[in-house]
Amino acid sequence: MMELYLDTANLAEIREIADWGILSGVTTNPSLLAKAGINVKDFMAEIASLVTGPLSLEVTAEDADTMVEQAKFLKTYGENVVIKLPLTEAGLKACGLLKKAGIPTNLTLVFSANQALLAARAGATYVSPFVGRLNDNGAAGNLLLEEIRAIFDRYQQKTKIIAASIRSPRDVTDAALFGADIATIPYGVMKKMVKHPLTDVGLAQFKADWEKSGLCL
Ligand code: E4P
């Protein structure tokens, strides 16, 4: 079954969703950390007890050597840390170096099948196609997921596909239908996934009927 990650650096959000028992991992990026207003060190100190699955932390450097340096530093925060690298020439180079060092990577800002292919060749553990940003720009994020899935399956490529930049519950359904291994989901979308108006109506009816009946469990 497709795994569900939370795409946030907000600890309260992670705490709440981790409680549901459905969370397999967490992804962050510099924008999400900035929005949460938390340093990586403090974030990592809090999160260890909440998330044991893969936790993506992104480098901020633009050259491969500094990316690798930052990656090695970030990796000291936890066994489960996965290093997020941008899909650039330097990111590809850093990916290969980190693969040799046994450090897992998540190649991010992927918008084409060729970028995913390059990431896979470089030894990426995960690739993150940004379906929402593609859809925002009039392209079809689902088709990209489908293409990457087809290419990886054809060559038995083990790199995992994370559907990222999710905007709605429907995007999550589509990610599963089009073959993503994982969807990384914002808190608000995760909350909406639970809800259905007919569930609320049905529950109210059960409650009313039960109260009228005078029976007990
Ligand atoms: C992926 O790992 C990114 O953190 C994220 O999904 C980007 O989403 P956005 O397009 O909503 O910023």
# chains A, B, ... in the order shown; residues from 1 in each chain; ligands from 1
>>> residues_near_ligand(ligand="ligand 1", cutoff="6 Å", atoms="only C-alpha atoms and all ligand atoms", output="PyMOL selection string")
chain A and resi 7+27-29+132-133+164-165
>>> write_last_selection(atoms="N, CA, C and O atoms", output="PDB file, in the first residue's frame")
ATOM      1  N   ASP A   7       4.070  16.398   5.182  1.00  0.00           N
ATOM      2  CA  ASP A   7       4.966  17.374   4.565  1.00  0.00           C
ATOM      3  C   ASP A   7       4.895  18.653   5.400  1.00  0.00           C
ATOM      4  O   ASP A   7       4.124  19.561   5.084  1.00  0.00           O
ATOM      5  N   THR A  27       8.509  14.786   5.554  1.00  0.00           N
ATOM      6  CA  THR A  27       9.424  15.547   4.697  1.00  0.00           C
ATOM      7  C   THR A  27       9.362  17.018   5.100  1.00  0.00           C
ATOM      8  O   THR A  27       8.305  17.528   5.460  1.00  0.00           O
ATOM      9  N   THR A  28      10.528  17.658   5.042  1.00  0.00           N
ATOM     10  CA  THR A  28      10.592  19.096   5.303  1.00  0.00           C
ATOM     11  C   THR A  28      11.336  19.739   4.132  1.00  0.00           C
ATOM     12  O   THR A  28      11.896  19.040   3.287  1.00  0.00           O
ATOM     13  N   ASN A  29      11.315  21.036   4.101  1.00  0.00           N
ATOM     14  CA  ASN A  29      12.175  21.785   3.180  1.00  0.00           C
ATOM     15  C   ASN A  29      12.476  23.123   3.845  1.00  0.00           C
ATOM     16  O   ASN A  29      11.878  23.442   4.887  1.00  0.00           O
ATOM     17  N   GLY A 132       1.703  19.048  -7.599  1.00  0.00           N
ATOM     18  CA  GLY A 132       0.873  20.256  -7.446  1.00  0.00           C
ATOM     19  C   GLY A 132       1.421  21.439  -8.215  1.00  0.00           C
ATOM     20  O   GLY A 132       0.675  22.152  -8.883  1.00  0.00           O
ATOM     21  N   ARG A 133       2.736  21.646  -8.135  1.00  0.00           N
ATOM     22  CA  ARG A 133       3.311  22.800  -8.848  1.00  0.00           C
ATOM     23  C   ARG A 133       3.180  22.619 -10.353  1.00  0.00           C
ATOM     24  O   ARG A 133       3.034  23.598 -11.090  1.00  0.00           O
ATOM     25  N   ALA A 164       4.913  14.573  -4.341  1.00  0.00           N
ATOM     26  CA  ALA A 164       5.070  15.747  -3.468  1.00  0.00           C
ATOM     27  C   ALA A 164       4.257  16.911  -4.021  1.00  0.00           C
ATOM     28  O   ALA A 164       3.675  16.819  -5.100  1.00  0.00           O
ATOM     29  N   SER A 165       4.240  17.998  -3.235  1.00  0.00           N
ATOM     30  CA  SER A 165       3.478  19.190  -3.618  1.00  0.00           C
ATOM     31  C   SER A 165       2.007  18.814  -3.803  1.00  0.00           C
ATOM     32  O   SER A 165       1.381  19.160  -4.797  1.00  0.00           O
TER      33      SER A 165
END
>>> residues_around(residues="A:Ala122", least_positions_apart="3", cutoff="9 Å", atoms="only C-alpha atoms", output="list of chain:residue names")
A:Leu92, A:Lys93, A:Ala94, A:Cys95, A:Gly96, A:Leu97, A:Lys99, A:Leu117, A:Leu118, A:Ala119
>>> write_last_selection(atoms="N, CA, C and O atoms", output="compact mmCIF listing (two decimals), in the first residue's frame")
# COMPACT_ATOMS: atom_id res chain seq x y z
N LEU A 92 23.01 16.05 -8.38
CA LEU A 92 23.28 14.70 -8.89
C LEU A 92 24.64 14.21 -8.43
O LEU A 92 24.80 13.06 -8.00
N LYS A 93 25.63 15.11 -8.51
CA LYS A 93 26.98 14.72 -8.10
C LYS A 93 26.99 14.37 -6.60
O LYS A 93 27.54 13.34 -6.19
N ALA A 94 26.35 15.23 -5.80
CA ALA A 94 26.30 14.97 -4.35
C ALA A 94 25.57 13.66 -4.08
O ALA A 94 25.96 12.90 -3.18
N CYS A 95 24.54 13.38 -4.86
CA CYS A 95 23.76 12.14 -4.69
C CYS A 95 24.68 10.92 -4.84
O CYS A 95 24.64 10.00 -4.02
N GLY A 96 25.51 10.94 -5.88
CA GLY A 96 26.42 9.82 -6.12
C GLY A 96 27.41 9.67 -4.97
O GLY A 96 27.71 8.56 -4.52
N LEU A 97 27.92 10.81 -4.49
CA LEU A 97 28.90 10.76 -3.39
C LEU A 97 28.25 10.24 -2.11
O LEU A 97 28.84 9.45 -1.36
N LYS A 99 25.63 8.32 -1.94
CA LYS A 99 25.34 6.88 -2.14
C LYS A 99 26.56 6.06 -1.72
O LYS A 99 26.45 5.07 -1.00
N LEU A 117 14.87 9.99 -14.05
CA LEU A 117 15.80 8.99 -14.59
C LEU A 117 17.24 9.31 -14.15
O LEU A 117 17.99 8.44 -13.71
N LEU A 118 17.59 10.60 -14.25
CA LEU A 118 18.93 11.02 -13.82
C LEU A 118 19.13 10.75 -12.33
O LEU A 118 20.19 10.27 -11.91
N ALA A 119 18.11 11.07 -11.54
CA ALA A 119 18.20 10.84 -10.09
C ALA A 119 18.43 9.36 -9.81
O ALA A 119 19.29 8.99 -8.99
>>> residues_around(residues="stretch 151-160 of chain A", least_positions_apart="3", cutoff="8 Å", atoms="only C-alpha atoms", output="count of residues only")
12
>>> select_by_dssp(residues="stretch 15-174 of chain A", states="strand (DSSP E)", output="VMD selection string")
chain A and resid 25 to 27 55 to 58 81 to 86 105 to 110 126 to 129 160 to 163
>>> residues_around(residues="A:Ile38", least_positions_apart="2", cutoff="12 Å", atoms="only C-alpha atoms", output="PDB file with all heavy atoms, in the first residue's frame")
ATOM      1  N   THR A   8       5.657  18.696   6.469  1.00  0.00           N
ATOM      2  CA  THR A   8       5.581  19.833   7.388  1.00  0.00           C
ATOM      3  C   THR A   8       6.788  19.850   8.318  1.00  0.00           C
ATOM      4  O   THR A   8       7.429  18.811   8.520  1.00  0.00           O
ATOM      5  CB  THR A   8       4.300  19.758   8.253  1.00  0.00           C
ATOM      6  OG1 THR A   8       4.178  20.950   9.047  1.00  0.00           O
ATOM      7  CG2 THR A   8       4.324  18.574   9.209  1.00  0.00           C
ATOM      8  N   ALA A   9       7.054  21.031   8.895  1.00  0.00           N
ATOM      9  CA  ALA A   9       8.053  21.116   9.966  1.00  0.00           C
ATOM     10  C   ALA A   9       7.371  21.577  11.254  1.00  0.00           C
ATOM     11  O   ALA A   9       8.046  21.947  12.212  1.00  0.00           O
ATOM     12  CB  ALA A   9       9.163  22.088   9.557  1.00  0.00           C
ATOM     13  N   ASN A  10       6.046  21.544  11.251  1.00  0.00           N
ATOM     14  CA  ASN A  10       5.290  21.992  12.424  1.00  0.00           C
ATOM     15  C   ASN A  10       5.108  20.818  13.392  1.00  0.00           C
ATOM     16  O   ASN A  10       4.437  19.834  13.082  1.00  0.00           O
ATOM     17  CB  ASN A  10       3.931  22.529  11.944  1.00  0.00           C
ATOM     18  CG  ASN A  10       3.088  23.045  13.082  1.00  0.00           C
ATOM     19  OD1 ASN A  10       2.866  22.354  14.075  1.00  0.00           O
ATOM     20  ND2 ASN A  10       2.629  24.268  12.941  1.00  0.00           N
ATOM     21  N   LEU A  11       5.714  20.938  14.570  1.00  0.00           N
ATOM     22  CA  LEU A  11       5.739  19.808  15.513  1.00  0.00           C
ATOM     23  C   LEU A  11       4.355  19.435  16.030  1.00  0.00           C
ATOM     24  O   LEU A  11       4.062  18.254  16.220  1.00  0.00           O
ATOM     25  CB  LEU A  11       6.665  20.138  16.685  1.00  0.00           C
ATOM     26  CG  LEU A  11       8.156  20.137  16.324  1.00  0.00           C
ATOM     27  CD1 LEU A  11       8.971  20.846  17.391  1.00  0.00           C
ATOM     28  CD2 LEU A  11       8.671  18.715  16.120  1.00  0.00           C
ATOM     29  N   THR A  28      10.528  17.658   5.042  1.00  0.00           N
ATOM     30  CA  THR A  28      10.592  19.096   5.303  1.00  0.00           C
ATOM     31  C   THR A  28      11.336  19.739   4.132  1.00  0.00           C
ATOM     32  O   THR A  28      11.896  19.040   3.287  1.00  0.00           O
ATOM     33  CB  THR A  28      11.366  19.408   6.598  1.00  0.00           C
ATOM     34  OG1 THR A  28      12.753  19.052   6.395  1.00  0.00           O
ATOM     35  CG2 THR A  28      10.825  18.636   7.785  1.00  0.00           C
ATOM     36  N   ASN A  29      11.315  21.036   4.101  1.00  0.00           N
ATOM     37  CA  ASN A  29      12.175  21.785   3.180  1.00  0.00           C
ATOM     38  C   ASN A  29      12.476  23.123   3.845  1.00  0.00           C
ATOM     39  O   ASN A  29      11.878  23.442   4.887  1.00  0.00           O
ATOM     40  CB  ASN A  29      11.530  21.917   1.784  1.00  0.00           C
ATOM     41  CG  ASN A  29      10.235  22.703   1.803  1.00  0.00           C
ATOM     42  OD1 ASN A  29      10.092  23.671   2.537  1.00  0.00           O
ATOM     43  ND2 ASN A  29       9.266  22.273   0.991  1.00  0.00           N
ATOM     44  N   PRO A  30      13.399  23.924   3.294  1.00  0.00           N
ATOM     45  CA  PRO A  30      13.747  25.183   3.967  1.00  0.00           C
ATOM     46  C   PRO A  30      12.542  26.102   4.162  1.00  0.00           C
ATOM     47  O   PRO A  30      12.427  26.774   5.195  1.00  0.00           O
ATOM     48  CB  PRO A  30      14.787  25.798   3.020  1.00  0.00           C
ATOM     49  CG  PRO A  30      15.421  24.627   2.340  1.00  0.00           C
ATOM     50  CD  PRO A  30      14.303  23.645   2.152  1.00  0.00           C
ATOM     51  N   SER A  31      11.603  26.113   3.209  1.00  0.00           N
ATOM     52  CA  SER A  31      10.414  26.974   3.349  1.00  0.00           C
ATOM     53  C   SER A  31       9.547  26.507   4.512  1.00  0.00           C
ATOM     54  O   SER A  31       9.019  27.328   5.280  1.00  0.00           O
ATOM     55  CB  SER A  31       9.578  26.964   2.065  1.00  0.00           C
ATOM     56  OG  SER A  31      10.343  27.371   0.970  1.00  0.00           O
ATOM     57  N   LEU A  32       9.389  25.188   4.657  1.00  0.00           N
ATOM     58  CA  LEU A  32       8.543  24.660   5.742  1.00  0.00           C
ATOM     59  C   LEU A  32       9.172  24.931   7.108  1.00  0.00           C
ATOM     60  O   LEU A  32       8.469  25.264   8.068  1.00  0.00           O
ATOM     61  CB  LEU A  32       8.311  23.157   5.546  1.00  0.00           C
ATOM     62  CG  LEU A  32       7.421  22.775   4.351  1.00  0.00           C
ATOM     63  CD1 LEU A  32       7.432  21.253   4.132  1.00  0.00           C
ATOM     64  CD2 LEU A  32       5.984  23.266   4.552  1.00  0.00           C
ATOM     65  N   LEU A  33      10.511  24.813   7.197  1.00  0.00           N
ATOM     66  CA  LEU A  33      11.190  25.120   8.468  1.00  0.00           C
ATOM     67  C   LEU A  33      11.067  26.608   8.777  1.00  0.00           C
ATOM     68  O   LEU A  33      10.815  26.993   9.921  1.00  0.00           O
ATOM     69  CB  LEU A  33      12.654  24.676   8.414  1.00  0.00           C
ATOM     70  CG  LEU A  33      12.846  23.163   8.595  1.00  0.00           C
ATOM     71  CD1 LEU A  33      14.139  22.677   7.956  1.00  0.00           C
ATOM     72  CD2 LEU A  33      12.827  22.780  10.075  1.00  0.00           C
ATOM     73  N   ALA A  34      11.209  27.440   7.743  1.00  0.00           N
ATOM     74  CA  ALA A  34      11.081  28.892   7.942  1.00  0.00           C
ATOM     75  C   ALA A  34       9.670  29.227   8.416  1.00  0.00           C
ATOM     76  O   ALA A  34       9.478  30.035   9.333  1.00  0.00           O
ATOM     77  CB  ALA A  34      11.403  29.625   6.642  1.00  0.00           C
ATOM     78  N   LYS A  35       8.671  28.573   7.819  1.00  0.00           N
ATOM     79  CA  LYS A  35       7.271  28.823   8.199  1.00  0.00           C
ATOM     80  C   LYS A  35       7.023  28.413   9.655  1.00  0.00           C
ATOM     81  O   LYS A  35       6.324  29.094  10.406  1.00  0.00           O
ATOM     82  CB  LYS A  35       6.355  28.031   7.258  1.00  0.00           C
ATOM     83  CG  LYS A  35       4.897  28.365   7.373  1.00  0.00           C
ATOM     84  CD  LYS A  35       4.109  27.647   6.281  1.00  0.00           C
ATOM     85  CE  LYS A  35       2.638  27.592   6.656  1.00  0.00           C
ATOM     86  NZ  LYS A  35       1.932  26.543   5.921  1.00  0.00           N
ATOM     87  N   ALA A  36       7.627  27.290  10.062  1.00  0.00           N
ATOM     88  CA  ALA A  36       7.462  26.810  11.442  1.00  0.00           C
ATOM     89  C   ALA A  36       8.339  27.610  12.405  1.00  0.00           C
ATOM     90  O   ALA A  36       8.144  27.548  13.621  1.00  0.00           O
ATOM     91  CB  ALA A  36       7.798  25.326  11.516  1.00  0.00           C
ATOM     92  N   VAL A  40      16.816  23.519  12.741  1.00  0.00           N
ATOM     93  CA  VAL A  40      16.833  22.067  12.516  1.00  0.00           C
ATOM     94  C   VAL A  40      17.183  21.329  13.817  1.00  0.00           C
ATOM     95  O   VAL A  40      16.580  20.307  14.147  1.00  0.00           O
ATOM     96  CB  VAL A  40      17.825  21.698  11.384  1.00  0.00           C
ATOM     97  CG1 VAL A  40      17.906  20.196  11.200  1.00  0.00           C
ATOM     98  CG2 VAL A  40      17.403  22.354  10.078  1.00  0.00           C
ATOM     99  N   LYS A  41      18.137  21.888  14.565  1.00  0.00           N
ATOM    100  CA  LYS A  41      18.578  21.235  15.806  1.00  0.00           C
ATOM    101  C   LYS A  41      17.398  21.062  16.780  1.00  0.00           C
ATOM    102  O   LYS A  41      17.191  19.978  17.330  1.00  0.00           O
ATOM    103  CB  LYS A  41      19.674  22.101  16.441  1.00  0.00           C
ATOM    104  CG  LYS A  41      20.337  21.488  17.627  1.00  0.00           C
ATOM    105  CD  LYS A  41      21.543  22.313  18.048  1.00  0.00           C
ATOM    106  CE  LYS A  41      22.135  21.673  19.287  1.00  0.00           C
ATOM    107  NZ  LYS A  41      22.366  22.634  20.346  1.00  0.00           N
ATOM    108  N   ASP A  42      16.631  22.131  16.980  1.00  0.00           N
ATOM    109  CA  ASP A  42      15.498  22.065  17.916  1.00  0.00           C
ATOM    110  C   ASP A  42      14.396  21.155  17.376  1.00  0.00           C
ATOM    111  O   ASP A  42      13.774  20.388  18.116  1.00  0.00           O
ATOM    112  CB  ASP A  42      14.941  23.469  18.164  1.00  0.00           C
ATOM    113  CG  ASP A  42      16.020  24.404  18.696  1.00  0.00           C
ATOM    114  OD1 ASP A  42      16.875  23.923  19.469  1.00  0.00           O
ATOM    115  OD2 ASP A  42      16.025  25.595  18.322  1.00  0.00           O
ATOM    116  N   PHE A  43      14.177  21.246  16.077  1.00  0.00           N
ATOM    117  CA  PHE A  43      13.186  20.395  15.424  1.00  0.00           C
ATOM    118  C   PHE A  43      13.538  18.925  15.654  1.00  0.00           C
ATOM    119  O   PHE A  43      12.702  18.121  16.057  1.00  0.00           O
ATOM    120  CB  PHE A  43      13.159  20.741  13.932  1.00  0.00           C
ATOM    121  CG  PHE A  43      12.242  19.888  13.098  1.00  0.00           C
ATOM    122  CD1 PHE A  43      10.861  20.018  13.198  1.00  0.00           C
ATOM    123  CD2 PHE A  43      12.756  18.961  12.201  1.00  0.00           C
ATOM    124  CE1 PHE A  43      10.018  19.234  12.419  1.00  0.00           C
ATOM    125  CE2 PHE A  43      11.921  18.178  11.423  1.00  0.00           C
ATOM    126  CZ  PHE A  43      10.553  18.322  11.530  1.00  0.00           C
ATOM    127  N   MET A  44      14.807  18.601  15.421  1.00  0.00           N
ATOM    128  CA  MET A  44      15.242  17.210  15.536  1.00  0.00           C
ATOM    129  C   MET A  44      15.194  16.718  16.980  1.00  0.00           C
ATOM    130  O   MET A  44      14.912  15.543  17.233  1.00  0.00           O
ATOM    131  CB  MET A  44      16.643  17.033  14.945  1.00  0.00           C
ATOM    132  CG  MET A  44      16.690  17.170  13.442  1.00  0.00           C
ATOM    133  SD  MET A  44      15.530  16.097  12.578  1.00  0.00           S
ATOM    134  CE  MET A  44      16.204  14.486  12.941  1.00  0.00           C
ATOM    135  N   ALA A  45      15.459  17.611  17.930  1.00  0.00           N
ATOM    136  CA  ALA A  45      15.422  17.206  19.343  1.00  0.00           C
ATOM    137  C   ALA A  45      14.009  16.769  19.729  1.00  0.00           C
ATOM    138  O   ALA A  45      13.820  15.826  20.494  1.00  0.00           O
ATOM    139  CB  ALA A  45      15.874  18.364  20.221  1.00  0.00           C
ATOM    140  N   GLU A  46      13.002  17.446  19.173  1.00  0.00           N
ATOM    141  CA  GLU A  46      11.600  17.143  19.515  1.00  0.00           C
ATOM    142  C   GLU A  46      11.050  15.949  18.755  1.00  0.00           C
ATOM    143  O   GLU A  46      10.215  15.210  19.247  1.00  0.00           O
ATOM    144  CB  GLU A  46      10.720  18.357  19.168  1.00  0.00           C
ATOM    145  CG  GLU A  46      10.949  19.548  20.049  1.00  0.00           C
ATOM    146  CD  GLU A  46      10.372  19.351  21.448  1.00  0.00           C
ATOM    147  OE1 GLU A  46       9.362  18.642  21.587  1.00  0.00           O
ATOM    148  OE2 GLU A  46      10.969  19.895  22.395  1.00  0.00           O
ATOM    149  N   ILE A  47      11.516  15.804  17.521  1.00  0.00           N
ATOM    150  CA  ILE A  47      10.831  14.866  16.623  1.00  0.00           C
ATOM    151  C   ILE A  47      11.220  13.395  16.845  1.00  0.00           C
ATOM    152  O   ILE A  47      10.462  12.494  16.480  1.00  0.00           O
ATOM    153  CB  ILE A  47      11.056  15.282  15.152  1.00  0.00           C
ATOM    154  CG1 ILE A  47       9.906  14.746  14.287  1.00  0.00           C
ATOM    155  CG2 ILE A  47      12.407  14.867  14.645  1.00  0.00           C
ATOM    156  CD1 ILE A  47       9.918  15.197  12.890  1.00  0.00           C
TER     157      ILE A  47
END
>>> residues_around(residues="A:Thr76", least_positions_apart="2", cutoff="12 Å", atoms="only C-alpha atoms", output="JSON, numbers by chain")
{"A": [40, 41, 44, 45, 57, 69, 70, 71, 72, 73, 74, 78, 79, 80, 81, 82, 83, 103]}
>>> write_last_selection(atoms="N, CA and C atoms", output="mmCIF file, in the first residue's frame")
data_model
loop_
_atom_site.group_PDB
_atom_site.id
_atom_site.type_symbol
_atom_site.label_atom_id
_atom_site.label_comp_id
_atom_site.auth_asym_id
_atom_site.auth_seq_id
_atom_site.Cartn_x
_atom_site.Cartn_y
_atom_site.Cartn_z
ATOM 1 N N VAL A 40 16.816 23.519 12.741
ATOM 2 C CA VAL A 40 16.833 22.067 12.516
ATOM 3 C C VAL A 40 17.183 21.329 13.817
ATOM 4 N N LYS A 41 18.137 21.888 14.565
ATOM 5 C CA LYS A 41 18.578 21.235 15.806
ATOM 6 C C LYS A 41 17.398 21.062 16.780
ATOM 7 N N MET A 44 14.807 18.601 15.421
ATOM 8 C CA MET A 44 15.242 17.210 15.536
ATOM 9 C C MET A 44 15.194 16.718 16.980
ATOM 10 N N ALA A 45 15.459 17.611 17.930
ATOM 11 C CA ALA A 45 15.422 17.206 19.343
ATOM 12 C C ALA A 45 14.009 16.769 19.729
ATOM 13 N N LEU A 57 15.526 15.941 5.393
ATOM 14 C CA LEU A 57 16.044 17.280 5.705
ATOM 15 C C LEU A 57 16.831 17.743 4.486
ATOM 16 N N GLU A 69 28.999 17.988 2.654
ATOM 17 C CA GLU A 69 29.370 18.396 4.026
ATOM 18 C C GLU A 69 28.110 18.599 4.870
ATOM 19 N N GLN A 70 27.158 19.358 4.313
ATOM 20 C CA GLN A 70 25.905 19.617 5.047
ATOM 21 C C GLN A 70 25.168 18.309 5.302
ATOM 22 N N ALA A 71 25.162 17.431 4.301
ATOM 23 C CA ALA A 71 24.458 16.148 4.431
ATOM 24 C C ALA A 71 25.043 15.337 5.582
ATOM 25 N N LYS A 72 26.366 15.299 5.651
ATOM 26 C CA LYS A 72 27.005 14.504 6.711
ATOM 27 C C LYS A 72 26.681 15.089 8.079
ATOM 28 N N PHE A 73 26.620 16.430 8.137
ATOM 29 C CA PHE A 73 26.245 17.081 9.397
ATOM 30 C C PHE A 73 24.788 16.748 9.747
ATOM 31 N N LEU A 74 23.880 16.909 8.783
ATOM 32 C CA LEU A 74 22.451 16.647 9.045
ATOM 33 C C LEU A 74 22.230 15.201 9.464
ATOM 34 N N GLY A 78 20.217 11.974 13.202
ATOM 35 C CA GLY A 78 19.428 10.752 13.412
ATOM 36 C C GLY A 78 19.642 9.715 12.345
ATOM 37 N N GLU A 79 19.498 8.476 12.756
ATOM 38 C CA GLU A 79 19.616 7.318 11.866
ATOM 39 C C GLU A 79 18.643 7.414 10.700
ATOM 40 N N ASN A 80 17.437 7.961 11.010
ATOM 41 C CA ASN A 80 16.365 7.963 10.003
ATOM 42 C C ASN A 80 16.408 9.175 9.063
ATOM 43 N N VAL A 81 17.434 10.025 9.209
ATOM 44 C CA VAL A 81 17.508 11.226 8.359
ATOM 45 C C VAL A 81 17.824 10.837 6.910
ATOM 46 N N VAL A 82 17.027 11.402 5.993
ATOM 47 C CA VAL A 82 17.242 11.245 4.552
ATOM 48 C C VAL A 82 17.609 12.637 4.028
ATOM 49 N N ILE A 83 18.624 12.696 3.174
ATOM 50 C CA ILE A 83 19.101 14.003 2.710
ATOM 51 C C ILE A 83 18.408 14.399 1.418
ATOM 52 N N ILE A 103 24.620 7.090 2.563
ATOM 53 C CA ILE A 103 23.632 8.035 3.107
ATOM 54 C C ILE A 103 22.439 8.135 2.135
#
>>> closest_residue(among="A:Arg170, A:Phe206, A:Tyr187, A:Gly91", to="A:Ala12", atoms="only C-alpha atoms")
A:Tyr187
>>> atom_distance(atom1="atom CA of A:Leu145", atom2="atom CA of A:Phe178")
5.9 Å
